[in-house]
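For reference, the structure discussed in these notes is given below.
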Protein chains: 2
Amino acid sequence: MEIKIVKDILDANEQLAQRNRKLFDSNNLFAVNLMSSPGAGKTSLILQTLKGLKGKIKIGVIEGDVSSSLDAEVIAKEGVPVVQINTGGGCHLDANMLSTALDNVPLKDIQLLLIENVGNLICPAEFTLGEHRKVLISSIPEGDDKPFKYPLMFHKADAVLINKIDLLPYLNFDTQAFSRTIEGMNQKVEIFPISCATGQGIEEWVSWLLTQMGHPI
Amino acid sequence: MEIKIVKDILDANEQLAQRNRKLFDSNNLFAVNLMSSPGAGKTSLILQTLKGLKGKIKIGVIEGDVSSSLDAEVIAKEGVPVVQINTGGGCHLDANMLSTALDNVPLKDIQLLLIENVGNLICPAEFTLGEHRKVLISSIPEGDDKPFKYPLMFHKADAVLINKIDLLPYLNFDTQAFSRTIEGMNQKVEIFPISCATGQGIEEWVSWLLTQMGHPI
């Protein structure tokens, strides 16, 4: 009975996600769903991506949070269109929330939409939004055992960014073993070690993103 | 309609939680619900707590995970009774899952039950398990804005442990501002800066825990 309800919810979500996807495609807009644990660096990555693509690609941002608009305020200072979604206690964005937020995004004026999901490694993996790519940020301090513990998220990601590599000297994290584990679970994944604090690896990430959009540098 | 369903689920959970609580009390057992983001240090804290209370208090552990039994295997090496709950995709423990797991815990042989919840700052705050205390581990690398973003969790915690303080020299984290924010949201909260890597602050945490159990040192 419980499983039936969950399936109905996911089916309804899938239909709305396909509608969002059509809206993106009809506007030649590439959408990326950014997911991570709380504090792994989603907003910092958006800031670095805005910097890396300045003058090249027009970007809009959707900020998903349980409550507060702290991140949206930070992003708005960069002069890009940003829309806040507060889930009001909900632990993930869904296609319906996104659909409503899209009414306030200037779809015709942007080429790339960065969607910051709620900080959570579990439910966001189950709710597709209509995005073209799912990007997971996993940070060094969280530990290299995370793929075993949150397998669906690592399985579904098109790219995994290993953030905070500037902290590697101070932590026990085996980057090679971590990458091998993810590659074992996910044949299509691209992995980028980065530091949003120092900018290391951002060029490779931005270059990959442009290629995915059909705009290779 | 959706709100009604959520309320029914939480009401049913509350009744089962009260049953768990009675079971704890009839066995003179103190139960602690440990919650945090993925990788903030729940298992490391359990290991430090086992060490700090060795020879003083008999402890049992319940390990909650989406999948895998990595943490339970680590804990079992310490020679304490440990029971694994896999939520099978679920993003939090609930009172019913705990009730089932309790059938396998030697309740009469232990005085303290440490329950490691699923790594998630959102839903575990809504599902009470029958525990005597809710303990939140928030780690320095997650950033000092977390109370604003996950307010319910910080509001409900009886204690907040600020873990990974050994990384303070390498990160921009304002411990005083962080503590003031939490105290503003939660009048009863106790805050302990700790490092499970170096052992710093563990004595104060263990001492508080013993006092809560009615066993002051």
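For the structure tokens, the naming scheme is as follows: chains receive sequential letters (A, B, ...) according to their order of presentation, residues are indexed from 1 within each chain, and ligands are indexed from 1 in presentation order.
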**Report entry** Distance-based interface of chain A with chain B, 9 Å, counting only C-alpha atoms, as a PyMOL selection string
**Finding:** chain A and resi 37-41+65-70+89-91+119-123+141-143+145-146+148-152+167+170
Requested in this report: Check the DSSP output for the backbone and give back, as an NGL selection string, the residues of range 19-200 of chain A in helix (DSSP H, G or I).
Outcome: :A and (19-26 or 42-52 or 70-76 or 95-102 or 107-109 or 123-125 or 140-142 or 146-149 or 151-156 or 165-170 or 175-185)
Considering only C-alpha atoms, give me a table of residues in range 141-168 of chain B that are at most 12 Å from range 15-35 of chain B, with the closest atom pair and distance in Å for each, as JSON lines.
```
{"residue": "B:Met153", "atom": "CA", "partner": "B:Met35", "partner_atom": "CA", "distance": 8.6}
{"residue": "B:Phe154", "atom": "CA", "partner": "B:Met35", "partner_atom": "CA", "distance": 10.4}
{"residue": "B:Lys156", "atom": "CA", "partner": "B:Met35", "partner_atom": "CA", "distance": 11.0}
{"residue": "B:Ala157", "atom": "CA", "partner": "B:Met35", "partner_atom": "CA", "distance": 9.0}
{"residue": "B:Asp158", "atom": "CA", "partner": "B:Val32", "partner_atom": "CA", "distance": 10.0}
{"residue": "B:Ala159", "atom": "CA", "partner": "B:Leu34", "partner_atom": "CA", "distance": 9.8}
{"residue": "B:Val160", "atom": "CA", "partner": "B:Met35", "partner_atom": "CA", "distance": 9.7}
{"residue": "B:Leu161", "atom": "CA", "partner": "B:Leu34", "partner_atom": "CA", "distance": 10.2}
```
Query - Neighbour list for range 93-95 of chain A as a list of chain:residue names, cut-off 8 Å, only C-alpha atoms, skip fewer than 5 positions in-chain - result: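 Using only C-alpha atoms, the neighbours found are A:Asn13, A:Glu14, A:Leu16, A:Ala17, A:Asn20, A:Gly64, A:Thr87, A:Asn117, A:Val118, A:Pro124, A:Phe127, A:Thr128, A:Leu129, A:Gly130.
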Query raised in the report: Where in range 13-115 of chain B does DSSP assign strand (DSSP E), given as a PyMOL selection string?
Result: chain B and resi 30-36+59-65+82-86+112-115
Query raised in the report: Which residues come within 8 Å of Ile110 in chain B, counting only C-alpha atoms, excluding same-chain residues fewer than 6 positions away, as a list in words?
Result: Leu29, Ile57, Lys58, Ile59 and Gly60 of chain B
Please dump the current selection as a compact mmCIF listing (two decimals), in the first residue's frame; keep C-alpha atoms.
```
# COMPACT_ATOMS: atom_id res chain seq x y z
CA LEU B 29 17.54 2.39 29.71
CA ILE B 57 28.15 2.28 31.51
CA LYS B 58 26.93 -0.67 29.42
CA ILE B 59 26.06 0.53 25.94
CA GLY B 60 24.14 -0.83 22.95
```
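Comparing the minimum interatomic distances between Ser195 in chain B and each of B:Leu45, B:Val135, B:Leu209, B:Leu10, counting only C-alpha atoms, we find that B:Leu45 sits nearest.
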**Report entry** CA of Ala76 in chain A to CA of Thr198 in chain A, straight-line distance in Å
**Finding:** 21.9 Å
Report task. One decimal, Å: what's the distance from CA of Leu168 in chain B over to CA of Ser138 in chain B, could you say? Result -> 13.3 Å
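For the atom pair formed by CA of Ala72 in chain A and CA of Gly88 in chain A, the distance is 15.8 Å, given to one decimal.
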List as a compact mmCIF listing (two decimals) with N, CA and C atoms, in the first residue's frame the protein and nucleic acid residues near Ile194 in chain B, meaning an atom at most 8 Å away when only C-alpha atoms are counted, but skip any in the same chain fewer than 5 places from it.
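Full text of out.txt as output:
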```txt
# COMPACT_ATOMS: atom_id res chain seq x y z
N LEU B 161 26.67 19.15 19.04
CA LEU B 161 28.11 18.95 19.09
C LEU B 161 28.71 19.57 17.83
N ILE B 162 29.64 20.50 18.01
CA ILE B 162 30.31 21.11 16.86
C ILE B 162 31.57 20.30 16.61
N ASN B 163 31.51 19.40 15.65
CA ASN B 163 32.60 18.45 15.43
C ASN B 163 33.63 18.98 14.42
N LYS B 164 34.80 18.33 14.42
CA LYS B 164 35.92 18.65 13.51
C LYS B 164 36.53 20.02 13.81
N ILE B 165 36.58 20.39 15.09
CA ILE B 165 37.18 21.70 15.43
C ILE B 165 38.68 21.70 15.15
N GLY B 199 39.98 13.89 19.96
CA GLY B 199 39.41 13.61 21.28
C GLY B 199 39.08 14.87 22.08
N GLN B 200 39.41 16.02 21.52
CA GLN B 200 39.14 17.28 22.24
C GLN B 200 37.63 17.44 22.50
N GLY B 201 37.27 17.82 23.72
CA GLY B 201 35.88 18.09 24.06
C GLY B 201 35.04 16.87 24.39
N ILE B 202 35.59 15.68 24.16
CA ILE B 202 34.80 14.46 24.38
C ILE B 202 34.48 14.27 25.87
```
